[in-house]
Structures are given as structure tokens and as C-alpha cells.
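Enquirer: Following this line is model.pdb, made up of PDB, C-alpha atoms, pLDDT in the B column:
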```
ATOM      1  CA  ASP A 573       0.000   0.000   0.000  1.00 51.00           C
ATOM      2  CA  GLY A 574       1.582   3.252  -1.079  1.00 62.00           C
ATOM      3  CA  GLY A 575       1.619   6.540   0.721  1.00 91.00           C
ATOM      4  CA  ILE A 576       2.819   8.159   3.882  1.00 94.00           C
ATOM      5  CA  THR A 577       2.703   6.434   7.260  1.00 95.00           C
ATOM      6  CA  GLN A 578       2.974   8.019  10.671  1.00 96.00           C
ATOM      7  CA  SER A 579       3.386   6.108  13.901  1.00 96.00           C
ATOM      8  CA  PRO A 580       2.369   5.822  16.594  1.00 96.00           C
ATOM      9  CA  LYS A 581      -1.122   7.287  16.232  1.00 94.00           C
ATOM     10  CA  TYR A 582      -1.330   7.985  19.965  1.00 95.00           C
ATOM     11  CA  LEU A 583       1.557   8.458  22.361  1.00 94.00           C
ATOM     12  CA  PHE A 584       1.800   9.336  26.019  1.00 93.00           C
ATOM     13  CA  ARG A 585       4.971  10.443  27.739  1.00 90.00           C
ATOM     14  CA  LYS A 586       6.044  11.780  31.057  1.00 90.00           C
ATOM     15  CA  GLU A 587       7.574  15.198  31.455  1.00 88.00           C
ATOM     16  CA  GLY A 588      11.325  15.182  30.881  1.00 88.00           C
ATOM     17  CA  GLN A 589      11.289  12.297  28.408  1.00 91.00           C
ATOM     18  CA  ASN A 590      12.258  12.505  24.768  1.00 94.00           C
ATOM     19  CA  VAL A 591       9.964  10.843  22.251  1.00 95.00           C
ATOM     20  CA  THR A 592      10.422  10.100  18.562  1.00 97.00           C
ATOM     21  CA  LEU A 593       7.608  10.161  16.012  1.00 97.00           C
ATOM     22  CA  SER A 594       8.034   8.152  12.850  1.00 98.00           C
ATOM     23  CA  CYS A 595       7.213   9.288   9.315  1.00 98.00           C
ATOM     24  CA  GLU A 596       7.804   6.917   6.389  1.00 97.00           C
ATOM     25  CA  GLN A 597       6.930   7.292   2.699  1.00 97.00           C
ATOM     26  CA  ASN A 598       7.251   5.057  -0.340  1.00 94.00           C
ATOM     27  CA  LEU A 599       6.299   7.598  -3.003  1.00 91.00           C
ATOM     28  CA  ASN A 600       9.893   8.627  -3.742  1.00 91.00           C
ATOM     29  CA  HIS A 601       9.309  12.306  -2.995  1.00 91.00           C
ATOM     30  CA  ASP A 602      12.250  14.449  -1.956  1.00 91.00           C
ATOM     31  CA  ALA A 603      10.548  17.040   0.239  1.00 93.00           C
ATOM     32  CA  MET A 604       9.119  16.153   3.649  1.00 96.00           C
ATOM     33  CA  TYR A 605       7.623  18.356   6.355  1.00 96.00           C
ATOM     34  CA  TRP A 606       6.622  18.252  10.023  1.00 97.00           C
ATOM     35  CA  TYR A 607       3.769  20.417  11.281  1.00 96.00           C
ATOM     36  CA  ARG A 608       2.286  20.906  14.699  1.00 96.00           C
ATOM     37  CA  GLN A 609      -1.451  21.498  15.084  1.00 93.00           C
ATOM     38  CA  ASP A 610      -3.048  23.083  18.139  1.00 91.00           C
ATOM     39  CA  PRO A 611      -6.716  24.050  18.505  1.00 82.00           C
ATOM     40  CA  GLY A 612      -7.385  27.475  17.034  1.00 74.00           C
ATOM     41  CA  GLN A 613      -3.821  27.914  15.757  1.00 78.00           C
ATOM     42  CA  GLY A 614      -3.864  26.052  12.502  1.00 85.00           C
ATOM     43  CA  LEU A 615      -0.677  24.373  11.306  1.00 90.00           C
ATOM     44  CA  ARG A 616       2.767  25.563  12.312  1.00 92.00           C
ATOM     45  CA  LEU A 617       5.897  24.357  10.553  1.00 93.00           C
ATOM     46  CA  ILE A 618       8.499  22.655  12.755  1.00 96.00           C
ATOM     47  CA  TYR A 619      11.129  21.332  10.316  1.00 96.00           C
ATOM     48  CA  TYR A 620      11.359  20.478   6.653  1.00 95.00           C
ATOM     49  CA  SER A 621      13.736  18.623   4.407  1.00 95.00           C
ATOM     50  CA  GLN A 622      14.131  19.147   0.665  1.00 92.00           C
ATOM     51  CA  ILE A 623      16.674  16.365   0.163  1.00 92.00           C
ATOM     52  CA  VAL A 624      18.414  13.539   1.964  1.00 95.00           C
ATOM     53  CA  ASN A 625      20.963  14.619   4.586  1.00 95.00           C
ATOM     54  CA  ASP A 626      19.640  18.161   4.649  1.00 95.00           C
ATOM     55  CA  PHE A 627      16.908  19.828   6.679  1.00 96.00           C
ATOM     56  CA  GLN A 628      15.842  23.327   7.684  1.00 94.00           C
ATOM     57  CA  LYS A 629      14.185  24.847  10.722  1.00 95.00           C
ATOM     58  CA  GLY A 630      10.624  26.000  10.388  1.00 93.00           C
ATOM     59  CA  ASP A 631       8.799  28.566  12.472  1.00 90.00           C
ATOM     60  CA  ILE A 632       8.761  26.658  15.767  1.00 95.00           C
ATOM     61  CA  ALA A 633      11.846  24.392  15.747  1.00 97.00           C
ATOM     62  CA  GLU A 634      12.911  24.988  19.365  1.00 96.00           C
ATOM     63  CA  GLY A 635      12.682  21.808  21.427  1.00 96.00           C
ATOM     64  CA  TYR A 636      12.535  19.542  18.375  1.00 97.00           C
ATOM     65  CA  SER A 637      15.099  17.681  16.297  1.00 97.00           C
ATOM     66  CA  VAL A 638      14.978  15.716  13.039  1.00 98.00           C
ATOM     67  CA  SER A 639      17.162  13.578  10.816  1.00 97.00           C
ATOM     68  CA  ARG A 640      17.003  12.642   7.143  1.00 97.00           C
ATOM     69  CA  GLU A 641      19.395   9.761   6.631  1.00 97.00           C
ATOM     70  CA  LYS A 642      17.146   8.048   4.101  1.00 96.00           C
ATOM     71  CA  LYS A 643      14.789   9.430   1.497  1.00 96.00           C
ATOM     72  CA  GLU A 644      11.961   7.336   2.868  1.00 96.00           C
ATOM     73  CA  SER A 645      12.197   8.433   6.485  1.00 97.00           C
ATOM     74  CA  PHE A 646      11.980  11.750   8.364  1.00 98.00           C
ATOM     75  CA  PRO A 647      11.623  11.096  12.102  1.00 98.00           C
ATOM     76  CA  LEU A 648      10.839  13.891  14.548  1.00 98.00           C
ATOM     77  CA  THR A 649      12.137  13.875  18.124  1.00 97.00           C
ATOM     78  CA  VAL A 650      10.268  15.920  20.691  1.00 96.00           C
ATOM     79  CA  THR A 651      12.840  16.668  23.343  1.00 94.00           C
ATOM     80  CA  SER A 652      12.431  17.534  27.001  1.00 90.00           C
ATOM     81  CA  ALA A 653      13.301  21.119  26.060  1.00 89.00           C
ATOM     82  CA  GLN A 654       9.939  21.546  24.323  1.00 90.00           C
ATOM     83  CA  LYS A 655       7.874  23.440  26.878  1.00 89.00           C
ATOM     84  CA  ASN A 656       4.422  22.489  25.712  1.00 91.00           C
ATOM     85  CA  PRO A 657       4.664  19.297  23.645  1.00 93.00           C
ATOM     86  CA  THR A 658       1.070  18.102  23.891  1.00 95.00           C
ATOM     87  CA  ALA A 659      -0.278  18.483  20.341  1.00 95.00           C
ATOM     88  CA  PHE A 660      -1.251  16.754  17.114  1.00 95.00           C
ATOM     89  CA  TYR A 661       1.777  16.253  14.833  1.00 97.00           C
ATOM     90  CA  LEU A 662       1.424  15.950  11.085  1.00 96.00           C
ATOM     91  CA  CYS A 663       4.003  14.766   8.597  1.00 96.00           C
ATOM     92  CA  ALA A 664       3.668  15.622   4.908  1.00 95.00           C
ATOM     93  CA  ILE A 665       5.416  14.922   1.628  1.00 94.00           C
ATOM     94  CA  GLN A 666       5.429  17.352  -1.250  1.00 91.00           C
ATOM     95  CA  GLN A 667       4.945  16.725  -4.922  1.00 87.00           C
ATOM     96  CA  GLN A 668       7.686  18.725  -6.580  1.00 82.00           C
ATOM     97  CA  ASN A 669       5.882  19.835  -9.739  1.00 81.00           C
ATOM     98  CA  THR A 670       2.616  21.017  -8.218  1.00 80.00           C
ATOM     99  CA  GLY A 671       3.680  21.877  -4.684  1.00 82.00           C
ATOM    100  CA  GLU A 672       0.817  19.834  -3.282  1.00 87.00           C
ATOM    101  CA  LEU A 673       1.282  18.372   0.174  1.00 90.00           C
ATOM    102  CA  PHE A 674       0.114  14.884   1.059  1.00 92.00           C
ATOM    103  CA  PHE A 675      -0.353  14.325   4.771  1.00 94.00           C
ATOM    104  CA  GLY A 676      -0.084  11.338   7.029  1.00 94.00           C
ATOM    105  CA  GLU A 677      -2.857  10.583   9.492  1.00 93.00           C
ATOM    106  CA  GLY A 678      -1.045  12.290  12.340  1.00 94.00           C
ATOM    107  CA  SER A 679       0.318  11.407  15.753  1.00 96.00           C
ATOM    108  CA  ARG A 680      -1.313  12.715  18.900  1.00 95.00           C
ATOM    109  CA  LEU A 681       1.192  13.250  21.702  1.00 95.00           C
ATOM    110  CA  THR A 682       0.028  13.784  25.264  1.00 94.00           C
ATOM    111  CA  VAL A 683       2.399  14.682  28.053  1.00 91.00           C
ATOM    112  CA  LEU A 684       1.233  13.493  31.446  1.00 86.00           C
TER
ATOM    113  CA  GLY B 243       6.171  37.596   4.197  1.00 81.00           C
ATOM    114  CA  ASP B 244       3.397  35.452   2.856  1.00 86.00           C
ATOM    115  CA  SER B 245       0.217  35.118   4.867  1.00 91.00           C
ATOM    116  CA  VAL B 246      -3.273  33.657   4.637  1.00 94.00           C
ATOM    117  CA  THR B 247      -6.320  34.954   6.473  1.00 95.00           C
ATOM    118  CA  GLN B 248      -9.523  32.944   6.615  1.00 95.00           C
ATOM    119  CA  MET B 249     -12.725  33.376   8.553  1.00 89.00           C
ATOM    120  CA  GLU B 250     -12.221  31.704  11.888  1.00 84.00           C
ATOM    121  CA  GLY B 251     -15.626  30.257  12.531  1.00 87.00           C
ATOM    122  CA  PRO B 252     -16.930  28.017  13.825  1.00 94.00           C
ATOM    123  CA  VAL B 253     -19.551  27.868  11.123  1.00 96.00           C
ATOM    124  CA  THR B 254     -22.753  25.943  11.816  1.00 97.00           C
ATOM    125  CA  LEU B 255     -25.217  25.231   9.012  1.00 97.00           C
ATOM    126  CA  SER B 256     -28.243  23.087   8.367  1.00 97.00           C
ATOM    127  CA  GLU B 257     -28.081  20.423   5.688  1.00 97.00           C
ATOM    128  CA  GLU B 258     -28.608  21.793   2.152  1.00 97.00           C
ATOM    129  CA  ALA B 259     -27.629  25.332   3.148  1.00 98.00           C
ATOM    130  CA  CYS B 260     -25.131  27.358   1.103  1.00 98.00           C
ATOM    131  CA  LEU B 261     -21.568  27.636   2.322  1.00 97.00           C
ATOM    132  CA  THR B 262     -18.952  30.348   1.863  1.00 97.00           C
ATOM    133  CA  ILE B 263     -15.649  30.358   3.735  1.00 98.00           C
ATOM    134  CA  ASN B 264     -13.641  33.475   3.018  1.00 97.00           C
ATOM    135  CA  CYS B 265      -9.908  33.346   2.364  1.00 98.00           C
ATOM    136  CA  THR B 266      -7.612  36.228   1.477  1.00 97.00           C
ATOM    137  CA  TYR B 267      -3.862  36.183   1.044  1.00 96.00           C
ATOM    138  CA  THR B 268      -0.773  38.343   0.971  1.00 94.00           C
ATOM    139  CA  ALA B 269       2.100  37.216  -1.201  1.00 90.00           C
ATOM    140  CA  THR B 270       4.673  38.466  -3.636  1.00 82.00           C
ATOM    141  CA  GLY B 271       4.698  37.026  -7.099  1.00 80.00           C
ATOM    142  CA  TYR B 272       2.121  34.548  -8.341  1.00 83.00           C
ATOM    143  CA  PRO B 273       1.269  31.950  -5.714  1.00 91.00           C
ATOM    144  CA  SER B 274      -0.639  28.729  -6.138  1.00 92.00           C
ATOM    145  CA  LEU B 275      -3.671  28.455  -3.861  1.00 94.00           C
ATOM    146  CA  PHE B 276      -5.127  25.415  -2.123  1.00 95.00           C
ATOM    147  CA  TRP B 277      -8.003  24.324   0.059  1.00 97.00           C
ATOM    148  CA  TYR B 278      -7.406  21.385   2.367  1.00 96.00           C
ATOM    149  CA  VAL B 279      -9.993  19.533   4.467  1.00 97.00           C
ATOM    150  CA  GLN B 280      -9.414  17.721   7.751  1.00 95.00           C
ATOM    151  CA  TYR B 281     -12.000  15.236   9.029  1.00 94.00           C
ATOM    152  CA  PRO B 282     -12.009  14.479  12.775  1.00 88.00           C
ATOM    153  CA  GLY B 283      -8.928  12.600  13.946  1.00 85.00           C
ATOM    154  CA  GLU B 284      -7.307  12.530  10.521  1.00 88.00           C
ATOM    155  CA  GLY B 285      -4.627  14.307   8.551  1.00 90.00           C
ATOM    156  CA  LEU B 286      -5.330  16.919   5.895  1.00 93.00           C
ATOM    157  CA  GLN B 287      -6.508  16.067   2.386  1.00 94.00           C
ATOM    158  CA  LEU B 288      -6.272  18.290  -0.655  1.00 95.00           C
ATOM    159  CA  LEU B 289      -9.776  19.450  -1.611  1.00 97.00           C
ATOM    160  CA  LEU B 290      -9.021  21.696  -4.590  1.00 97.00           C
ATOM    161  CA  LYS B 291      -6.405  24.017  -6.005  1.00 95.00           C
ATOM    162  CA  ALA B 292      -5.789  26.827  -8.498  1.00 95.00           C
ATOM    163  CA  THR B 293      -2.447  27.809  -9.942  1.00 91.00           C
ATOM    164  CA  LYS B 294      -3.122  31.099 -11.733  1.00 91.00           C
ATOM    165  CA  ALA B 295      -5.479  34.054 -11.732  1.00 93.00           C
ATOM    166  CA  ASP B 296      -9.091  33.338 -12.723  1.00 95.00           C
ATOM    167  CA  ASP B 297      -8.598  29.580 -12.399  1.00 96.00           C
ATOM    168  CA  LYS B 298     -11.470  27.784 -10.703  1.00 97.00           C
ATOM    169  CA  GLY B 299     -10.741  24.727  -8.609  1.00 97.00           C
ATOM    170  CA  SER B 300     -13.581  22.300  -7.954  1.00 97.00           C
ATOM    171  CA  ASN B 301     -14.113  18.962  -6.243  1.00 97.00           C
ATOM    172  CA  LYS B 302     -16.970  17.161  -4.445  1.00 96.00           C
ATOM    173  CA  GLY B 303     -19.338  20.092  -5.123  1.00 97.00           C
ATOM    174  CA  PHE B 304     -16.920  22.644  -3.659  1.00 98.00           C
ATOM    175  CA  GLU B 305     -15.553  25.497  -5.766  1.00 98.00           C
ATOM    176  CA  ALA B 306     -13.068  28.333  -5.336  1.00 98.00           C
ATOM    177  CA  THR B 307     -11.913  30.946  -7.841  1.00 98.00           C
ATOM    178  CA  TYR B 308      -8.458  32.550  -7.777  1.00 97.00           C
ATOM    179  CA  ARG B 309      -9.133  36.301  -7.740  1.00 96.00           C
ATOM    180  CA  LYS B 310      -5.899  38.220  -8.092  1.00 93.00           C
ATOM    181  CA  GLU B 311      -7.580  41.635  -8.023  1.00 94.00           C
ATOM    182  CA  THR B 312      -9.027  40.971  -4.579  1.00 95.00           C
ATOM    183  CA  THR B 313      -6.307  38.498  -3.472  1.00 96.00           C
ATOM    184  CA  SER B 314      -8.999  36.040  -2.513  1.00 97.00           C
ATOM    185  CA  PHE B 315      -9.809  32.339  -2.872  1.00 98.00           C
ATOM    186  CA  HIS B 316     -13.192  31.878  -1.175  1.00 98.00           C
ATOM    187  CA  LEU B 317     -14.537  28.341  -0.774  1.00 98.00           C
ATOM    188  CA  GLU B 318     -18.173  27.788  -1.792  1.00 98.00           C
ATOM    189  CA  LYS B 319     -20.680  24.977  -1.912  1.00 98.00           C
ATOM    190  CA  GLY B 320     -24.293  25.278  -2.926  1.00 97.00           C
ATOM    191  CA  SER B 321     -25.750  22.571  -0.701  1.00 97.00           C
ATOM    192  CA  VAL B 322     -23.795  21.163   2.229  1.00 98.00           C
ATOM    193  CA  GLN B 323     -24.208  17.700   3.714  1.00 97.00           C
ATOM    194  CA  VAL B 324     -23.625  16.357   7.219  1.00 97.00           C
ATOM    195  CA  SER B 325     -20.588  14.541   5.849  1.00 96.00           C
ATOM    196  CA  ASP B 326     -18.990  17.905   4.988  1.00 97.00           C
ATOM    197  CA  SER B 327     -18.465  18.601   8.688  1.00 97.00           C
ATOM    198  CA  ALA B 328     -14.727  19.145   9.026  1.00 96.00           C
ATOM    199  CA  VAL B 329     -12.022  21.780   9.397  1.00 95.00           C
ATOM    200  CA  TYR B 330     -11.112  23.606   6.184  1.00 97.00           C
ATOM    201  CA  PHE B 331      -7.711  25.201   5.600  1.00 96.00           C
ATOM    202  CA  CYS B 332      -6.766  27.721   2.943  1.00 96.00           C
ATOM    203  CA  ALA B 333      -3.094  27.679   1.891  1.00 94.00           C
ATOM    204  CA  LEU B 334      -0.711  29.241  -0.590  1.00 92.00           C
ATOM    205  CA  ARG B 335       2.583  28.228  -2.135  1.00 89.00           C
ATOM    206  CA  ASN B 336       4.706  31.011  -3.502  1.00 79.00           C
ATOM    207  CA  SER B 337       6.328  30.156  -6.777  1.00 67.00           C
ATOM    208  CA  GLY B 338       9.189  32.605  -6.316  1.00 60.00           C
ATOM    209  CA  GLY B 339      12.723  31.553  -5.451  1.00 53.00           C
ATOM    210  CA  SER B 340      13.492  28.249  -3.784  1.00 53.00           C
ATOM    211  CA  ASN B 341      10.850  28.523  -1.106  1.00 57.00           C
ATOM    212  CA  TYR B 342       8.541  25.585  -1.592  1.00 72.00           C
ATOM    213  CA  LYS B 343       6.800  25.834   1.725  1.00 80.00           C
ATOM    214  CA  LEU B 344       3.057  26.165   2.013  1.00 88.00           C
ATOM    215  CA  THR B 345       1.598  28.864   4.237  1.00 89.00           C
ATOM    216  CA  PHE B 346      -1.681  27.901   5.928  1.00 92.00           C
ATOM    217  CA  GLY B 347      -4.566  29.837   7.364  1.00 93.00           C
ATOM    218  CA  LYS B 348      -5.746  28.958  10.867  1.00 92.00           C
ATOM    219  CA  GLY B 349      -8.593  26.783   9.694  1.00 94.00           C
ATOM    220  CA  THR B 350     -12.382  27.065   9.813  1.00 95.00           C
ATOM    221  CA  LEU B 351     -14.476  24.475  11.620  1.00 95.00           C
ATOM    222  CA  LEU B 352     -17.690  23.640   9.767  1.00 97.00           C
ATOM    223  CA  THR B 353     -20.497  21.732  11.451  1.00 97.00           C
ATOM    224  CA  VAL B 354     -23.494  20.676   9.374  1.00 97.00           C
ATOM    225  CA  ASN B 355     -26.600  19.592  11.260  1.00 97.00           C
ATOM    226  CA  PRO B 356     -29.253  17.265   9.835  1.00 95.00           C
TER
END
```
Would you encode the structure as C-alpha cells?
Expert:
Amino acid sequence: DGGITQSPKYLFRKEGQNVTLSCEQNLNHDAMYWYRQDPGQGLRLIYYSQIVNDFQKGDIAEGYSVSREKKESFPLTVTSAQKNPTAFYLCAIQQQNTGELFFGEGSRLTVL
Amino acid sequence: GDSVTQMEGPVTLSEEACLTINCTYTATGYPSLFWYVQYPGEGLQLLLKATKADDKGSNKGFEATYRKETTSFHLEKGSVQVSDSAVYFCALRNSGGSNYKLTFGKGTLLTVNP
């Protein structure tokens, strides 16, 4: 089945713990994105990557880290430095010609 | 910088009512414009798009026309259904330079009652 897969769908963590969210794609797209969604605030860009082994900070990168060692994978780590990590996290891939984004189903992180 | 402003809602309608969700943008150059829809508990899906002035995007009974003179891309549907209940996001992608990022509005929650 082709597409973009995020896991886990739901995740709970204690304060002070790092957690890594997975994003995998098999559509061979270069560009991948991580967004955070909070009620009433729309989508805010955390990090993005246009090509393997390269990534750029978005608007709210503090407290997050990413890697892009493989084209298929763009994991996001929410570190203990992120002050308010409870949110819905969305990964997306971008079709180069049209600019369209295709989103995964999201991961909901709750900090207890 | 680029920005998108859409009516915040929430919007509550009865089934078969007409829908308009306003979206205006600020951007240099000639952006592409998108509407995305998010159903409860899911990611976003592309609803429709327009890449140049006067283009009309349409899908599932929804329409939006790229109006460069008013920098707008309002979403319309003539008769909404309960299944249209979702959050709708307006977005733009600026074609200038190497910036491929999309800029999103804050989203509009639509609830359609039977």
C-alpha cells in the first residue's frame, strides 16, 4: 500500500522524556515536512527537508530535532526542552511539480 | 512575508444550506492556492487548487476561484451535507525563489446539522 505512514497514532509520555515520532513514505518524494497542530492555531511548521541529509528549521523548531538519513524516512524527536509538547503532529510529503502536500494521518502526543 | 487569512468560525449550518468560507492572502509574485480539508482525527486532504489568476478549482461540489484583483480564494458549496463537517484550511505556495513551503490559514471548523 503506497503513501505516507505516521506512527504511533497515539503516544503518552512523562515530562522530561524525549519521544520520537516516525514518518515513512514510499512515493519517492524528496521534500518532507513536520507540522504541529493546536486548537485554534492552525498548522505551524516545525522542520522540513528538501533532500536527503539536509533539513531546515521552520517557524517553531525549538525543542525539536529531526534527521534525514534516508529518502523514505523523516523522524521527529520531541525533546524535554519543548515546553508544551502536547499536540497533534502531522508529517507531509510534497509533490515537486505542483507543490501539493500529502499528509499522514497524524500522531497525537500527550504529556502526562 | 506570505500570509493567509480565513474566517475563523466556527460555522454551523443546516443540511442543504449554502456555504462560503472566506480566504484572502498576501504574497509576492504569483502563488498557487489550495483548500485542504481535515475530518475528525485525521490528517489533511487536498480538496481543490488553483495555480493562476481566474482559475477555478472544484471537487466534491466545492468550488473556489483565484481572484488576483481581490487576493482572494473563497470556498463555496451550494448545498452542504452532514458529511462535509470538518475543518477547512486555505493555503498558498509562492512560486518565487526556492521557497517551496506552504503557508496555511488557521482553519475554519464547519459543522453541518441534519
Enquirer: Give me, as a PyMOL selection string, all polymer residues having an atom no more than 9 Å from Gly285 of chain B, counting all atoms listed in the file and skipping those fewer than 6 positions away in the same chain.
Expert: (chain A and resi 662-663+674-678) or (chain B and resi 279)
Enquirer: For segment 291-305 of chain B, take all atoms listed in the file, fit an axis-aligned box around them, add 5 Å to each of the six sides, then output centre and edge lengths in Å rounded to one decimal, as JSON.
Expert:
```
{"center_x": -10.9, "center_y": 25.6, "center_z": -8.2, "size_x": 26.9, "size_y": 26.9, "size_z": 19.1}
```
Enquirer: Between B:Gln287, B:Thr350, B:Ser256, B:Thr345, which is the closest to Asn301 of chain B once you count all atoms listed in the file?
Expert: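 When distances to Asn301 of chain B are compared using all atoms listed in the file, the smallest one comes from B:Gln287.
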Enquirer: Enter the distance from atom CA of Tyr661 of chain A to atom CA of Gln609 of chain A, in Å, rounded to one decimal.
Expert: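 Separation between atom CA of Tyr661 of chain A and atom CA of Gln609 of chain A: 6.2 Å.
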Enquirer: Compile the residues of chain B that lie within 7 Å of chain A, evaluated using only C-alpha atoms, and express the compilation as a PyMOL selection string.
Expert: chain B and resi 284-287+335+342+346-349
Enquirer: Applying 8 Å and all atoms listed in the file, which residues near Ser637 of chain A remain after dropping the ones on its own chain fewer than 3 positions away? List them as a PDB file with C-alpha atoms, in the coordinates of the input.
Expert:
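Output contents, as saved in result11.pdb:
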```
ATOM      1  CA  ALA A 633      11.846  24.392  15.747  1.00 97.00           C
ATOM      2  CA  LEU A 648      10.839  13.891  14.548  1.00 98.00           C
ATOM      3  CA  THR A 649      12.137  13.875  18.124  1.00 97.00           C
ATOM      4  CA  VAL A 650      10.268  15.920  20.691  1.00 96.00           C
ATOM      5  CA  THR A 651      12.840  16.668  23.343  1.00 94.00           C
TER       6      THR A 651
END
```
Enquirer: Mind giving me the straight-line distance from atom CA of Arg585 of chain A to atom CA of Leu681 of chain A in Å, one decimal?
Expert: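 Taking atom CA of Arg585 of chain A and atom CA of Leu681 of chain A, their separation equals 7.7 Å.
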Enquirer: Do you know which residues are at most 10 Å from Lys310 of chain B counting only C-alpha atoms, after dropping those on the same chain fewer than 5 positions away, and could you put them as an NGL selection string?
Expert: :B and (266-267 or 272-273 or 294-296 or 315)
Enquirer: Go through A:Thr682, A:Gln628, A:Ser645, A:Ser621 and flag the residue nearest Glu596 of chain A, using all atoms listed in the file for the distances.
Expert: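 Of A:Thr682, A:Gln628, A:Ser645, A:Ser621, the one nearest Glu596 of chain A is A:Ser645, counting all atoms listed in the file.
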Enquirer: I'd like the residues picked by the PyMOL selection byres ((chain A and resi 625) around 7) written out as a VMD selection string, using the chain letters and numbers from the file.
Expert: chain A and resid 623 to 624 626 to 627 640 to 641
Enquirer: Expand the PyMOL selection byres ((chain B and resi 317-321) around 7) into the individual residues it matches in the shown file, reporting them as number ranges by chain.
Expert: B: 258-264, 303-306, 315-316, 322-323
Enquirer: Go ahead and compute the interatomic distance for atom CA of Asp602 of chain A and atom CA of Gly575 of chain A, in Å to one decimal.
Expert: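 Atom CA of Gly575 of chain A lies at a distance of 13.5 Å from atom CA of Asp602 of chain A.
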Enquirer: Which residues, written as a list in words, have at least one atom at most 8 Å from Pro580 of chain A, with only C-alpha atoms counted and residues fewer than 3 positions away on the same chain left out?
Expert: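 Using only C-alpha atoms, the neighbours found are Leu583, Leu593, Ser594 and Ser679 of chain A.
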Enquirer: Complete segment 629-640 of chain A with N, CA, C and O atoms (output as a tab-separated table (two decimals), in the frame of the given file).
Expert:
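This is the output file result-v9.tsv:
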```tsv
chain	number	residue	atom	x	y	z
A	629	LYS	N	15.12	24.50	9.67
A	629	LYS	CA	14.18	24.85	10.72
A	629	LYS	C	12.98	25.57	10.14
A	629	LYS	O	13.11	26.39	9.23
A	630	GLY	N	11.84	25.27	10.71
A	630	GLY	CA	10.62	26.00	10.39
A	630	GLY	C	10.40	27.12	11.38
A	630	GLY	O	11.34	27.67	11.95
A	631	ASP	N	9.14	27.42	11.63
A	631	ASP	CA	8.80	28.57	12.47
A	631	ASP	C	8.89	28.28	13.96
A	631	ASP	O	9.04	29.20	14.77
A	632	ILE	N	8.79	27.00	14.34
A	632	ILE	CA	8.76	26.66	15.77
A	632	ILE	C	9.67	25.46	16.06
A	632	ILE	O	9.28	24.50	16.69
A	633	ALA	N	10.93	25.53	15.65
A	633	ALA	CA	11.85	24.39	15.75
A	633	ALA	C	12.38	24.16	17.16
A	633	ALA	O	12.89	23.05	17.46
A	634	GLU	N	12.30	25.13	18.04
A	634	GLU	CA	12.91	24.99	19.36
A	634	GLU	C	12.29	23.83	20.13
A	634	GLU	O	11.07	23.74	20.25
A	635	GLY	N	13.16	22.95	20.67
A	635	GLY	CA	12.68	21.81	21.43
A	635	GLY	C	12.43	20.58	20.58
A	635	GLY	O	11.96	19.56	21.10
A	636	TYR	N	12.71	20.66	19.30
A	636	TYR	CA	12.54	19.54	18.38
A	636	TYR	C	13.84	19.25	17.63
A	636	TYR	O	14.68	20.14	17.48
A	637	SER	N	13.99	18.02	17.17
A	637	SER	CA	15.10	17.68	16.30
A	637	SER	C	14.63	16.67	15.26
A	637	SER	O	13.65	15.94	15.48
A	638	VAL	N	15.33	16.64	14.12
A	638	VAL	CA	14.98	15.72	13.04
A	638	VAL	C	16.26	15.14	12.45
A	638	VAL	O	17.37	15.61	12.71
A	639	SER	N	16.08	14.13	11.62
A	639	SER	CA	17.16	13.58	10.82
A	639	SER	C	16.58	13.16	9.47
A	639	SER	O	15.38	12.90	9.36
A	640	ARG	N	17.44	13.09	8.46
A	640	ARG	CA	17.00	12.64	7.14
A	640	ARG	C	18.13	11.82	6.52
A	640	ARG	O	18.77	12.20	5.55
```
